[in-house]
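Trainee: Pasting structure13.cif below, which is mmCIF, N, CA and C atoms.
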```
data_data
#
loop_
_atom_site.group_PDB
_atom_site.id
_atom_site.type_symbol
_atom_site.label_atom_id
_atom_site.label_comp_id
_atom_site.auth_asym_id
_atom_site.auth_seq_id
_atom_site.Cartn_x
_atom_site.Cartn_y
_atom_site.Cartn_z
ATOM 1 N N MET Y 1 -6.392 -9.902 4.162
ATOM 2 C CA MET Y 1 -6.152 -8.994 5.256
ATOM 3 C C MET Y 1 -5.854 -9.811 6.500
ATOM 4 N N ASP Y 2 -4.982 -9.273 7.321
ATOM 5 C CA ASP Y 2 -4.655 -9.932 8.578
ATOM 6 C C ASP Y 2 -4.550 -8.864 9.653
ATOM 7 N N LEU Y 3 -4.972 -9.202 10.847
ATOM 8 C CA LEU Y 3 -4.926 -8.288 11.979
ATOM 9 C C LEU Y 3 -4.306 -9.030 13.148
ATOM 10 N N ARG Y 4 -3.263 -8.440 13.716
ATOM 11 C CA ARG Y 4 -2.607 -9.046 14.870
ATOM 12 C C ARG Y 4 -2.534 -8.022 15.989
ATOM 13 N N VAL Y 5 -2.800 -8.488 17.197
ATOM 14 C CA VAL Y 5 -2.634 -7.668 18.388
ATOM 15 C C VAL Y 5 -1.727 -8.461 19.318
ATOM 16 N N THR Y 6 -0.597 -7.882 19.670
ATOM 17 C CA THR Y 6 0.321 -8.561 20.571
ATOM 18 C C THR Y 6 0.359 -7.820 21.895
ATOM 19 N N GLY Y 7 0.705 -8.546 22.910
ATOM 20 C CA GLY Y 7 0.814 -7.955 24.233
ATOM 21 C C GLY Y 7 -0.366 -8.351 25.080
ATOM 22 N N PRO Y 8 -0.426 -7.849 26.247
ATOM 23 C CA PRO Y 8 0.458 -6.819 26.765
ATOM 24 C C PRO Y 8 1.810 -7.389 27.171
ATOM 25 N N ASP Y 9 2.840 -6.550 26.998
ATOM 26 C CA ASP Y 9 4.157 -6.942 27.481
ATOM 27 C C ASP Y 9 4.223 -6.640 28.974
ATOM 28 N N ARG Y 10 5.382 -6.764 29.580
ATOM 29 C CA ARG Y 10 5.489 -6.600 31.033
ATOM 30 C C ARG Y 10 5.168 -5.181 31.497
ATOM 31 N N LYS Y 11 5.204 -4.209 30.576
ATOM 32 C CA LYS Y 11 4.841 -2.833 30.919
ATOM 33 C C LYS Y 11 3.427 -2.482 30.461
ATOM 34 N N GLY Y 12 2.702 -3.474 29.936
ATOM 35 C CA GLY Y 12 1.323 -3.252 29.518
ATOM 36 C C GLY Y 12 1.163 -2.730 28.110
ATOM 37 N N ARG Y 13 2.264 -2.627 27.358
ATOM 38 C CA ARG Y 13 2.178 -2.104 25.994
ATOM 39 C C ARG Y 13 1.627 -3.167 25.046
ATOM 40 N N ARG Y 14 0.936 -2.689 24.029
ATOM 41 C CA ARG Y 14 0.376 -3.579 22.998
ATOM 42 C C ARG Y 14 0.733 -3.039 21.625
ATOM 43 N N THR Y 15 0.801 -3.946 20.666
ATOM 44 C CA THR Y 15 1.064 -3.579 19.281
ATOM 45 C C THR Y 15 -0.087 -4.092 18.434
ATOM 46 N N VAL Y 16 -0.602 -3.220 17.584
ATOM 47 C CA VAL Y 16 -1.667 -3.581 16.648
ATOM 48 C C VAL Y 16 -1.068 -3.490 15.250
ATOM 49 N N GLU Y 17 -1.204 -4.573 14.490
ATOM 50 C CA GLU Y 17 -0.642 -4.616 13.144
ATOM 51 C C GLU Y 17 -1.721 -5.067 12.168
ATOM 52 N N ILE Y 18 -1.898 -4.293 11.114
ATOM 53 C CA ILE Y 18 -2.846 -4.636 10.061
ATOM 54 C C ILE Y 18 -2.063 -4.802 8.768
ATOM 55 N N VAL Y 19 -2.262 -5.939 8.116
ATOM 56 C CA VAL Y 19 -1.600 -6.223 6.844
ATOM 57 C C VAL Y 19 -2.688 -6.462 5.807
ATOM 58 N N ALA Y 20 -2.660 -5.684 4.738
ATOM 59 C CA ALA Y 20 -3.629 -5.839 3.655
ATOM 60 C C ALA Y 20 -2.943 -6.522 2.482
ATOM 61 N N GLY Y 21 -3.660 -7.383 1.810
ATOM 62 C CA GLY Y 21 -3.101 -8.161 0.710
ATOM 63 C C GLY Y 21 -3.059 -9.623 1.127
ATOM 64 N N SER Y 22 -2.558 -10.449 0.275
ATOM 65 C CA SER Y 22 -2.481 -11.871 0.612
ATOM 66 C C SER Y 22 -1.327 -12.101 1.582
ATOM 67 N N PRO Y 23 -1.426 -13.154 2.427
ATOM 68 C CA PRO Y 23 -0.333 -13.432 3.365
ATOM 69 C C PRO Y 23 0.999 -13.679 2.655
ATOM 70 N N GLU Y 24 0.927 -14.194 1.420
ATOM 71 C CA GLU Y 24 2.147 -14.493 0.679
ATOM 72 C C GLU Y 24 2.807 -13.223 0.125
ATOM 73 N N ALA Y 25 2.003 -12.214 -0.185
ATOM 74 C CA ALA Y 25 2.518 -10.981 -0.786
ATOM 75 C C ALA Y 25 1.752 -9.771 -0.253
ATOM 76 N N PRO Y 26 2.002 -9.397 1.013
ATOM 77 C CA PRO Y 26 1.258 -8.264 1.569
ATOM 78 C C PRO Y 26 1.482 -6.988 0.781
ATOM 79 N N ALA Y 27 0.401 -6.241 0.570
ATOM 80 C CA ALA Y 27 0.480 -5.007 -0.205
ATOM 81 C C ALA Y 27 0.779 -3.802 0.682
ATOM 82 N N ALA Y 28 0.241 -3.790 1.878
ATOM 83 C CA ALA Y 28 0.442 -2.651 2.783
ATOM 84 C C ALA Y 28 0.398 -3.150 4.220
ATOM 85 N N GLN Y 29 1.157 -2.491 5.057
ATOM 86 C CA GLN Y 29 1.193 -2.868 6.470
ATOM 87 C C GLN Y 29 1.195 -1.608 7.324
ATOM 88 N N ARG Y 30 0.404 -1.620 8.366
ATOM 89 C CA ARG Y 30 0.351 -0.515 9.328
ATOM 90 C C ARG Y 30 0.545 -1.091 10.721
ATOM 91 N N THR Y 31 1.348 -0.422 11.523
ATOM 92 C CA THR Y 31 1.609 -0.867 12.891
ATOM 93 C C THR Y 31 1.440 0.312 13.834
ATOM 94 N N TRP Y 32 0.735 0.055 14.936
ATOM 95 C CA TRP Y 32 0.558 1.059 15.979
ATOM 96 C C TRP Y 32 1.014 0.458 17.294
ATOM 97 N N HIS Y 33 1.693 1.251 18.097
ATOM 98 C CA HIS Y 33 2.144 0.826 19.417
ATOM 99 C C HIS Y 33 1.386 1.651 20.453
ATOM 100 N N HIS Y 34 0.766 0.965 21.401
ATOM 101 C CA HIS Y 34 -0.043 1.632 22.419
ATOM 102 C C HIS Y 34 0.534 1.353 23.799
ATOM 103 N N SER Y 35 0.707 2.405 24.581
ATOM 104 C CA SER Y 35 1.113 2.220 25.973
ATOM 105 C C SER Y 35 -0.084 1.648 26.731
ATOM 106 N N ALA Y 36 0.154 1.187 27.942
ATOM 107 C CA ALA Y 36 -0.933 0.656 28.762
ATOM 108 C C ALA Y 36 -1.995 1.731 28.984
ATOM 109 N N GLU Y 37 -1.575 2.962 29.209
ATOM 110 C CA GLU Y 37 -2.514 4.064 29.442
ATOM 111 C C GLU Y 37 -3.346 4.357 28.193
ATOM 112 N N GLU Y 38 -2.702 4.374 27.033
ATOM 113 C CA GLU Y 38 -3.441 4.626 25.786
ATOM 114 C C GLU Y 38 -4.466 3.530 25.536
ATOM 115 N N TRP Y 39 -4.080 2.277 25.801
ATOM 116 C CA TRP Y 39 -4.988 1.148 25.588
ATOM 117 C C TRP Y 39 -6.202 1.275 26.506
ATOM 118 N N GLN Y 40 -5.978 1.687 27.744
ATOM 119 C CA GLN Y 40 -7.078 1.865 28.702
ATOM 120 C C GLN Y 40 -8.030 2.964 28.249
ATOM 121 N N ARG Y 41 -7.461 4.050 27.724
ATOM 122 C CA ARG Y 41 -8.281 5.195 27.301
ATOM 123 C C ARG Y 41 -9.069 4.907 26.027
ATOM 124 N N ALA Y 42 -8.594 3.986 25.218
ATOM 125 C CA ALA Y 42 -9.238 3.687 23.929
ATOM 126 C C ALA Y 42 -10.396 2.723 24.149
ATOM 127 N N GLN Y 43 -11.406 3.199 24.838
ATOM 128 C CA GLN Y 43 -12.557 2.360 25.155
ATOM 129 C C GLN Y 43 -13.213 1.867 23.871
ATOM 130 N N GLY Y 44 -13.459 0.592 23.827
ATOM 131 C CA GLY Y 44 -14.104 -0.001 22.668
ATOM 132 C C GLY Y 44 -13.143 -0.491 21.598
ATOM 133 N N LEU Y 45 -11.873 -0.101 21.687
ATOM 134 C CA LEU Y 45 -10.912 -0.514 20.657
ATOM 135 C C LEU Y 45 -10.728 -2.019 20.638
ATOM 136 N N GLU Y 46 -10.577 -2.618 21.801
ATOM 137 C CA GLU Y 46 -10.369 -4.062 21.853
ATOM 138 C C GLU Y 46 -11.561 -4.807 21.257
ATOM 139 N N ALA Y 47 -12.784 -4.365 21.580
ATOM 140 C CA ALA Y 47 -13.989 -4.997 21.024
ATOM 141 C C ALA Y 47 -14.047 -4.814 19.514
ATOM 142 N N LEU Y 48 -13.684 -3.630 19.039
ATOM 143 C CA LEU Y 48 -13.677 -3.372 17.604
ATOM 144 C C LEU Y 48 -12.684 -4.291 16.895
ATOM 145 N N LEU Y 49 -11.483 -4.407 17.449
ATOM 146 C CA LEU Y 49 -10.470 -5.262 16.832
ATOM 147 C C LEU Y 49 -10.903 -6.723 16.831
ATOM 148 N N GLU Y 50 -11.581 -7.167 17.890
ATOM 149 C CA GLU Y 50 -12.101 -8.541 17.927
ATOM 150 C C GLU Y 50 -13.148 -8.748 16.845
ATOM 151 N N ALA Y 51 -14.011 -7.757 16.638
ATOM 152 C CA ALA Y 51 -15.047 -7.855 15.602
ATOM 153 C C ALA Y 51 -14.413 -7.921 14.213
ATOM 154 N N VAL Y 52 -13.382 -7.125 14.000
ATOM 155 C CA VAL Y 52 -12.678 -7.157 12.706
ATOM 156 C C VAL Y 52 -12.012 -8.514 12.507
ATOM 157 N N ARG Y 53 -11.353 -9.020 13.548
ATOM 158 C CA ARG Y 53 -10.716 -10.348 13.448
ATOM 159 C C ARG Y 53 -11.733 -11.425 13.132
ATOM 160 N N ALA Y 54 -12.903 -11.366 13.780
ATOM 161 C CA ALA Y 54 -13.960 -12.347 13.516
ATOM 162 C C ALA Y 54 -14.454 -12.238 12.076
ATOM 163 N N GLY Y 55 -14.579 -11.021 11.580
ATOM 164 C CA GLY Y 55 -14.990 -10.819 10.186
ATOM 165 C C GLY Y 55 -13.979 -11.382 9.205
ATOM 166 N N ILE Y 56 -12.705 -11.172 9.487
ATOM 167 C CA ILE Y 56 -11.638 -11.710 8.616
ATOM 168 C C ILE Y 56 -11.692 -13.228 8.621
ATOM 169 N N ALA Y 57 -11.843 -13.829 9.813
ATOM 170 C CA ALA Y 57 -11.908 -15.295 9.912
ATOM 171 C C ALA Y 57 -13.118 -15.830 9.155
ATOM 172 N N SER Y 58 -14.254 -15.165 9.299
ATOM 173 C CA SER Y 58 -15.471 -15.606 8.606
ATOM 174 C C SER Y 58 -15.301 -15.518 7.091
ATOM 175 N N ALA Y 59 -14.700 -14.438 6.621
ATOM 176 C CA ALA Y 59 -14.469 -14.286 5.184
ATOM 177 C C ALA Y 59 -13.563 -15.396 4.660
ATOM 178 N N ARG Y 60 -12.546 -15.745 5.436
ATOM 179 C CA ARG Y 60 -11.651 -16.843 5.015
ATOM 180 C C ARG Y 60 -12.385 -18.165 4.942
ATOM 181 N N GLU Y 61 -13.255 -18.410 5.922
ATOM 182 C CA GLU Y 61 -14.021 -19.653 5.937
ATOM 183 C C GLU Y 61 -14.950 -19.772 4.743
ATOM 184 N N HIS Y 62 -15.448 -18.650 4.271
ATOM 185 C CA HIS Y 62 -16.394 -18.637 3.150
ATOM 186 C C HIS Y 62 -15.730 -18.341 1.814
ATOM 187 N N GLY Y 63 -14.409 -18.397 1.812
ATOM 188 C CA GLY Y 63 -13.681 -18.254 0.555
ATOM 189 C C GLY Y 63 -13.574 -16.866 -0.004
ATOM 190 N N ALA Y 64 -13.794 -15.873 0.802
ATOM 191 C CA ALA Y 64 -13.689 -14.489 0.310
ATOM 192 C C ALA Y 64 -12.248 -14.002 0.345
#
```
What is this file in C-alpha coordinates?

Mentor:
Amino acid sequence: MDLRVTGPDRKGRRTVEIVAGSPEAPAAQRTWHHSAEEWQRAQGLEALLEAVRAGIASAREHGA
(Lines of atoms letter the chains of each structure in order from A and count residues from 1; the text may use other names and numbers.)
(Lines give C-alpha, C1' and ligand atoms only; values in the text may rest on other atoms or scores of the structure.)
Protein backbone atom coordinates (compact mmCIF):
# COMPACT_ATOMS: atom_id res chain seq x y z
CA MET A 1 0.00 0.00 0.00
CA ASP A 2 1.15 3.51 -0.70
CA LEU A 3 -0.32 6.86 0.31
CA ARG A 4 0.64 10.14 -1.29
CA VAL A 5 -0.55 13.64 -0.49
CA THR A 6 0.53 16.37 -2.87
CA GLY A 7 0.13 20.08 -2.53
CA PRO A 8 -0.88 22.53 -1.63
CA ASP A 9 -0.63 24.05 -5.07
CA ARG A 10 -0.76 27.82 -5.58
CA LYS A 11 -4.54 27.78 -5.02
CA GLY A 12 -4.28 25.60 -1.90
CA ARG A 13 -5.59 22.43 -3.54
CA ARG A 14 -4.32 19.03 -2.44
CA THR A 15 -4.49 15.57 -3.94
CA VAL A 16 -4.70 12.39 -1.88
CA GLU A 17 -3.82 9.16 -3.65
CA ILE A 18 -4.02 5.66 -2.19
CA VAL A 19 -2.57 2.72 -4.11
CA ALA A 20 -3.17 -0.82 -2.86
CA GLY A 21 -0.99 -3.69 -4.00
CA SER A 22 2.72 -3.86 -4.58
CA PRO A 23 4.48 -0.79 -6.04
CA GLU A 24 5.46 -2.91 -9.05
CA ALA A 25 1.88 -4.05 -9.78
CA PRO A 26 -0.74 -1.89 -8.06
CA ALA A 27 -4.10 -3.60 -7.74
CA ALA A 28 -6.30 -0.57 -7.06
CA GLN A 29 -5.87 3.17 -6.96
CA ARG A 30 -8.09 5.90 -5.53
CA THR A 31 -7.52 9.62 -5.95
CA TRP A 32 -9.31 12.50 -4.25
CA HIS A 33 -8.86 16.19 -5.02
CA HIS A 34 -9.56 18.67 -2.23
CA SER A 35 -9.93 22.42 -2.56
CA ALA A 36 -8.28 24.58 0.08
CA GLU A 37 -11.68 25.08 1.73
CA GLU A 38 -12.46 21.35 1.80
CA TRP A 39 -9.03 20.62 3.31
CA GLN A 40 -9.64 23.22 6.04
CA ARG A 41 -13.07 21.77 6.85
CA ALA A 42 -11.76 18.19 7.05
CA GLN A 43 -10.45 18.57 10.57
CA GLY A 44 -8.27 15.67 11.55
CA LEU A 45 -7.78 14.40 8.00
CA GLU A 46 -4.16 15.48 7.78
CA ALA A 47 -3.36 13.81 11.13
CA LEU A 48 -5.15 10.65 10.04
CA LEU A 49 -3.23 10.51 6.76
CA GLU A 50 0.06 11.02 8.64
CA ALA A 51 -0.82 8.14 10.98
CA VAL A 52 -1.61 5.89 8.01
CA ARG A 53 1.67 6.87 6.31
CA ALA A 54 3.59 6.10 9.51
CA GLY A 55 1.86 2.72 9.74
CA ILE A 56 2.75 1.89 6.13
CA ALA A 57 6.39 2.89 6.73
CA SER A 58 6.54 0.80 9.92
CA ALA A 59 5.07 -2.23 8.15
CA ARG A 60 7.69 -1.91 5.40
CA GLU A 61 10.48 -1.70 7.95
CA HIS A 62 9.26 -4.89 9.63
CA GLY A 63 8.81 -6.78 6.39
CA ALA A 64 5.04 -6.81 6.30

Trainee: Quick one: everything within 9 Å of region 8-24 of chain Y, counting only C-alpha atoms, minus sequence neighbours fewer than 6 positions away in the same chain. Send it as a list in words.

Mentor: Met1, Asp2, Arg30, Thr31, Trp32, His33, His34, Ser35, Ala36, Glu37, Glu38, Trp39 and Leu49 of chain Y

Trainee: Please return as a ChimeraX atom specification: the residues of chain Y that backbone DSSP assigns to strand (DSSP E or B).

Mentor: /Y:2-6,14-22,25-34

Trainee: Could you give me the centre and size, in Å to one decimal, of an axis-aligned box around all listed atoms of region 8-13 of chain Y with 8 Å added on every side, as lines of an AutoDock Vina configuration file?

Mentor:
```
center_x = 2.5
center_y = -5.0
center_z = 28.3
size_x = 21.9
size_y = 21.7
size_z = 22.5
```

Trainee: Please measure the separation of atom C of Gly44 (chain Y) and CA of Gly7 (chain Y), giving the value in Å to one decimal.

Mentor: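 Between atom C of Gly44 (chain Y) and CA of Gly7 (chain Y) the gap works out to 16.0 Å.
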